[in-house]
$ cat model.pdb   # PDB, C-alpha atoms
ATOM      1  CA  ILE A   1       0.000   0.000   0.000
ATOM      2  CA  HIS A   2       1.418   3.393  -0.928
ATOM      3  CA  PHE A   3       0.280   6.163   1.452
ATOM      4  CA  GLU A   4      -0.309   9.061  -0.959
ATOM      5  CA  LYS A   5      -2.027  11.751   1.107
ATOM      6  CA  GLN A   6      -2.684  12.239   4.809
ATOM      7  CA  CYS A   7      -5.259  14.721   6.039
ATOM      8  CA  SER A   8      -4.919  16.616   9.281
ATOM      9  CA  GLY A   9      -5.553  14.300  12.207
ATOM     10  CA  GLY A  10      -5.857  11.321   9.896
ATOM     11  CA  GLY A  11      -3.966   8.141   9.345
ATOM     12  CA  ILE A  12      -4.225   4.606   8.057
ATOM     13  CA  CYS A  13      -4.113   1.092   9.445
ATOM     14  CA  VAL A  14      -2.837  -1.759   7.219
ATOM     15  CA  GLY A  15      -3.355  -5.410   8.055
ATOM     16  CA  LEU A  16      -5.336  -8.611   7.627
ATOM     17  CA  SER A  17      -8.977  -9.480   8.228
ATOM     18  CA  THR A  18     -11.675 -11.956   7.261
ATOM     19  CA  GLN A  19     -14.916 -11.354   5.382
ATOM     20  CA  ALA A  20     -16.721 -11.047   8.751
ATOM     21  CA  PHE A  21     -14.795  -7.820   9.506
ATOM     22  CA  PRO A  22     -17.151  -4.785   9.568
ATOM     23  CA  LEU A  23     -15.793  -2.231   7.105
ATOM     24  CA  ASN A  24     -16.638   0.711   9.375
ATOM     25  CA  SER A  25     -14.091  -0.521  11.951
ATOM     26  CA  LEU A  26     -10.346  -0.113  12.297
ATOM     27  CA  VAL A  27      -8.540  -3.247  11.131
ATOM     28  CA  GLY A  28      -7.168  -4.948  14.220
ATOM     29  CA  SER A  29     -10.067  -3.851  16.413
ATOM     30  CA  GLN A  30     -12.151  -6.992  15.851
ATOM     31  CA  PRO A  31     -11.566 -10.729  16.412
ATOM     32  CA  HIS A  32      -9.341 -12.359  13.756
ATOM     33  CA  THR A  33      -7.862  -9.037  12.584
ATOM     34  CA  ILE A  34      -4.453  -7.396  12.865
ATOM     35  CA  GLY A  35      -3.316  -3.957  11.745
ATOM     36  CA  LEU A  36      -0.343  -1.619  11.823
ATOM     37  CA  TYR A  37      -1.481   1.943  12.468
ATOM     38  CA  SER A  38       0.411   4.939  11.043
ATOM     39  CA  THR A  39       1.467   5.906  14.590
ATOM     40  CA  GLY A  40       3.629   2.761  14.627
ATOM     41  CA  ASN A  41       1.293   0.905  16.983
ATOM     42  CA  LEU A  42       0.135  -2.645  16.305
ATOM     43  CA  LEU A  43      -3.535  -3.466  16.907
ATOM     44  CA  VAL A  44      -4.295  -7.186  17.318
ATOM     45  CA  GLU A  45      -7.852  -8.220  18.139
ATOM     46  CA  SER A  46      -8.462  -4.932  20.037
ATOM     47  CA  HIS A  47      -5.113  -4.975  21.900
ATOM     48  CA  TRP A  48      -2.663  -2.125  21.208
ATOM     49  CA  SER A  49       1.109  -2.495  21.510
ATOM     50  CA  ARG A  50       4.119  -0.431  20.466
ATOM     51  CA  TYR A  51       5.673  -1.955  17.363
ATOM     52  CA  GLY A  52       7.696   0.297  15.062
ATOM     53  CA  PRO A  53       8.264   3.809  13.776
ATOM     54  CA  ALA A  54       5.395   6.080  12.758
ATOM     55  CA  PHE A  55       4.870   6.574   9.028
ATOM     56  CA  GLY A  56       2.999   9.023   6.828
ATOM     57  CA  GLU A  57       2.655  10.447   3.343
ATOM     58  CA  GLY A  58       4.984   8.943   0.755
ATOM     59  CA  THR A  59       5.505   5.687   2.664
ATOM     60  CA  THR A  60       4.997   2.301   1.035
ATOM     61  CA  ILE A  61       3.781  -0.322   3.498
ATOM     62  CA  GLY A  62       4.237  -4.006   2.707
ATOM     63  CA  VAL A  63       2.743  -6.983   4.497
ATOM     64  CA  LEU A  64       4.180 -10.476   4.107
ATOM     65  CA  VAL A  65       2.287 -13.305   5.758
ATOM     66  CA  ASN A  66       2.711 -17.065   5.965
ATOM     67  CA  LEU A  67      -0.544 -18.821   6.927
ATOM     68  CA  ARG A  68      -0.668 -22.533   7.681
ATOM     69  CA  GLU A  69      -3.620 -24.753   8.440
ATOM     70  CA  GLU A  70      -3.527 -26.496  11.815
ATOM     71  CA  GLN A  71      -6.502 -28.588  12.896
ATOM     72  CA  ASP A  72      -9.517 -26.253  12.672
ATOM     73  CA  THR A  73      -7.672 -22.922  12.205
ATOM     74  CA  LYS A  74      -5.317 -21.023   9.932
ATOM     75  CA  VAL A  75      -2.408 -19.874  12.032
ATOM     76  CA  CYS A  76      -0.184 -16.957  11.105
ATOM     77  CA  HIS A  77       3.304 -18.468  11.418
ATOM     78  CA  GLU A  78       5.133 -15.495  10.018
ATOM     79  CA  LEU A  79       4.006 -11.894   9.612
ATOM     80  CA  VAL A  80       6.310  -9.011   8.791
ATOM     81  CA  TYR A  81       5.689  -5.398   7.900
ATOM     82  CA  LEU A  82       7.952  -3.460   5.577
ATOM     83  CA  LEU A  83       8.180   0.323   5.381
ATOM     84  CA  ASN A  84       9.669   1.493   2.078
ATOM     85  CA  GLY A  85      11.096  -1.986   1.542
ATOM     86  CA  ARG A  86      12.753  -2.199   4.972
ATOM     87  CA  LEU A  87      11.785  -4.767   7.580
ATOM     88  CA  VAL A  88      10.313  -3.200  10.709
ATOM     89  CA  ASP A  89      10.451  -6.159  13.132
ATOM     90  CA  ALA A  90       8.925  -9.603  13.332
ATOM     91  CA  VAL A  91       5.387  -9.211  14.613
ATOM     92  CA  PRO A  92       5.339 -10.391  18.222
ATOM     93  CA  ALA A  93       1.619 -11.197  18.186
ATOM     94  CA  HIS A  94       0.012 -14.564  17.568
ATOM     95  CA  ILE A  95      -3.160 -14.519  15.470
ATOM     96  CA  SER A  96      -5.280 -17.259  13.999
ATOM     97  CA  PHE A  97      -8.238 -17.327  11.646
ATOM     98  CA  PRO A  98     -11.109 -19.822  11.250
ATOM     99  CA  LYS A  99     -10.023 -22.589   8.871
ATOM    100  CA  ASP A 100     -12.843 -21.934   6.393
ATOM    101  CA  ALA A 101     -12.358 -18.136   6.402
ATOM    102  CA  HIS A 102     -10.704 -16.234   3.575
ATOM    103  CA  VAL A 103      -8.026 -13.824   4.803
ATOM    104  CA  TYR A 104      -7.846 -10.453   3.049
ATOM    105  CA  PRO A 105      -5.371  -7.571   3.026
ATOM    106  CA  THR A 106      -7.235  -4.686   4.637
ATOM    107  CA  VAL A 107      -6.665  -0.940   4.823
ATOM    108  CA  SER A 108      -8.609   1.327   7.190
ATOM    109  CA  LEU A 109      -8.542   5.069   6.453
ATOM    110  CA  TYR A 110      -8.920   7.248   9.516
ATOM    111  CA  SER A 111     -10.201  10.466   7.892
ATOM    112  CA  ARG A 112     -11.889  11.748   4.767
ATOM    113  CA  GLY A 113      -9.526  12.842   2.004
ATOM    114  CA  THR A 114      -6.767  10.398   2.941
ATOM    115  CA  ARG A 115      -5.556   8.557  -0.167
ATOM    116  CA  VAL A 116      -3.703   5.284  -0.676
ATOM    117  CA  LYS A 117      -2.726   3.267  -3.726
ATOM    118  CA  GLY A 118      -2.921  -0.514  -3.595
ATOM    119  CA  CYS A 119      -0.031  -2.465  -5.079
ATOM    120  CA  PHE A 120      -1.231  -6.046  -5.142
ATOM    121  CA  THR A 121       0.421  -7.615  -8.172
ATOM    122  CA  ASN A 122       3.904  -8.671  -9.206
ATOM    123  CA  THR A 123       4.177  -5.710 -11.594
ATOM    124  CA  ASP A 124       3.234  -3.277  -8.785
ATOM    125  CA  LYS A 125       6.066  -4.469  -6.542
ATOM    126  CA  ARG A 126       8.281  -1.554  -5.506
ATOM    127  CA  TYR A 127      11.002  -3.323  -3.496
ATOM    128  CA  HIS A 128      12.942  -6.570  -3.724
ATOM    129  CA  VAL A 129      12.674  -8.699  -0.605
ATOM    130  CA  GLU A 130      14.488 -11.988  -0.047
ATOM    131  CA  MET A 131      12.633 -14.426   2.170
ATOM    132  CA  THR A 132      13.258 -17.970   3.324
ATOM    133  CA  SER A 133      10.150 -19.242   1.520
ATOM    134  CA  ASP A 134       8.271 -18.489  -1.675
ATOM    135  CA  VAL A 135       6.398 -15.170  -1.739
ATOM    136  CA  PHE A 136       3.350 -14.632  -3.961
ATOM    137  CA  ALA A 137       1.408 -11.489  -4.842
ATOM    138  CA  LEU A 138      -2.369 -11.426  -4.609
ATOM    139  CA  ASP A 139      -2.578 -12.094  -8.348
ATOM    140  CA  GLY A 140      -0.961 -15.489  -7.690
ATOM    141  CA  LYS A 141       2.333 -14.653  -9.402
ATOM    142  CA  GLN A 142       5.533 -15.465  -7.592
ATOM    143  CA  LEU A 143       7.392 -12.426  -6.302
ATOM    144  CA  THR A 144      10.516 -14.102  -5.041
ATOM    145  CA  ARG A 145      11.968 -17.516  -4.441
ATOM    146  CA  THR A 146      14.828 -18.040  -2.042
ATOM    147  CA  PRO A 147      16.419 -21.389  -1.258
ATOM    148  CA  PRO A 148      14.912 -22.549   2.071
ATOM    149  CA  ARG A 149      18.231 -22.727   3.952
ATOM    150  CA  GLU A 150      19.191 -19.107   3.409
ATOM    151  CA  THR A 151      18.303 -16.469   5.977
ATOM    152  CA  PRO A 152      16.255 -13.409   5.030
ATOM    153  CA  ASN A 153      18.272 -10.485   3.727
ATOM    154  CA  LEU A 154      16.137  -7.499   4.674
ATOM    155  CA  ARG A 155      17.177  -3.983   5.526
ATOM    156  CA  ARG A 156      15.808  -3.122   8.967
ATOM    157  CA  CYS A 157      13.931   0.045   9.843
ATOM    158  CA  PRO A 158      15.047   1.733  13.009
ATOM    159  CA  SER A 159      12.453   1.160  15.690
ATOM    160  CA  ARG A 160      11.934   3.200  18.811
ATOM    161  CA  ARG A 161      12.680   0.120  20.928
ATOM    162  CA  SER A 162      16.158  -0.192  19.452
ATOM    163  CA  ARG A 163      16.953   3.426  20.417
ATOM    164  CA  LEU A 164      16.080   2.992  24.099
TER     165      LEU A 164
END

$ encode --input "model.pdb" --output "structure tokens"
Amino acid sequence: IHFEKQCSGGGICVGLSTQAFPLNSLVGSQPHTIGLYSTGNLLVESHWSRYGPAFGEGTTIGVLVNLREEQDTKVCHELVYLLNGRLVDAVPAHISFPKDAHVYPTVSLYSRGTRVKGCFTNTDKRYHVEMTSDVFALDGKQLTRTPPRETPNLRRCPSRRSRL
């Protein structure tokens, strides 16, 4: 998601939700949802926590997720956020989804006039990211393939925690 314009007092929240998520809510504020708010806070099923640096206009936010089915749920085994192609931190939260639910990328806009641009296909990709497993865009095309024994090679964003 490319954050094009931020209005006064506004912001965005980028994350994952299911079809049951009410669209007039902030992603992360409901069960089976998670979102990174532009203040740098992570919202997981209505629980806020400090996560990374704040971001605003001109920032490209990426979400990489690895979901696996376990018994009667889909469990998020790996979730990372990228700001302008740089890894923020591994998400410390555990989230699962009902096994039969479809999981969708979700963006909540906090105020009128805020604009974002969705980049959901291989041709929209703005940054190269090496991961330890295959990464696919929403159009089903493979973004990157890294041999499984290599470690991720991501540039890290400075986080407020690392400065303390």

$ resolve_selection --input "model.pdb" --expression "the PyMOL selection byres ((chain A and resi 78-80) around 9)" --output "mmCIF file with C-alpha atoms, keeping the file's coordinate frame"
data_model
loop_
_atom_site.group_PDB
_atom_site.id
_atom_site.type_symbol
_atom_site.label_atom_id
_atom_site.label_comp_id
_atom_site.auth_asym_id
_atom_site.auth_seq_id
_atom_site.Cartn_x
_atom_site.Cartn_y
_atom_site.Cartn_z
ATOM 1 C CA GLY A 62 4.237 -4.006 2.707
ATOM 2 C CA VAL A 63 2.743 -6.983 4.497
ATOM 3 C CA LEU A 64 4.180 -10.476 4.107
ATOM 4 C CA VAL A 65 2.287 -13.305 5.758
ATOM 5 C CA ASN A 66 2.711 -17.065 5.965
ATOM 6 C CA LEU A 67 -0.544 -18.821 6.927
ATOM 7 C CA VAL A 75 -2.408 -19.874 12.032
ATOM 8 C CA CYS A 76 -0.184 -16.957 11.105
ATOM 9 C CA HIS A 77 3.304 -18.468 11.418
ATOM 10 C CA TYR A 81 5.689 -5.398 7.900
ATOM 11 C CA LEU A 82 7.952 -3.460 5.577
ATOM 12 C CA LEU A 87 11.785 -4.767 7.580
ATOM 13 C CA VAL A 88 10.313 -3.200 10.709
ATOM 14 C CA ASP A 89 10.451 -6.159 13.132
ATOM 15 C CA ALA A 90 8.925 -9.603 13.332
ATOM 16 C CA VAL A 91 5.387 -9.211 14.613
ATOM 17 C CA PRO A 92 5.339 -10.391 18.222
ATOM 18 C CA ALA A 93 1.619 -11.197 18.186
#

$ resolve_selection --input "model.pdb" --expression "the PyMOL selection byres ((chain A and resi 25-35) around 6)" --output "list of chain:residue names"
A:Cys13, A:Val14, A:Gly15, A:Leu16, A:Ser17, A:Pro22, A:Leu23, A:Asn24, A:Leu36, A:Leu42, A:Leu43, A:Val44, A:Glu45, A:Ser46, A:Phe97, A:Ser108

$ residues_around --input "model.pdb" --residues "Ile1 (chain A)" --least-positions-apart "6" --cutoff "6 Å" --atoms "only C-alpha atoms" --output "list in words"
Thr60, Ile61, Lys117, Gly118 and Cys119 of chain A

$ residues_around --input "model.pdb" --residues "Thr39 (chain A)" --least-positions-apart "6" --cutoff "10 Å" --atoms "only C-alpha atoms" --output "PyMOL selection string"
chain A and resi 11-13+50-56

$ resolve_selection --input "model.pdb" --expression "the PyMOL selection byres ((chain A and resi 4) around 6)" --output "VMD selection string"
chain A and resid 2 to 3 5 57 to 58 115 to 116
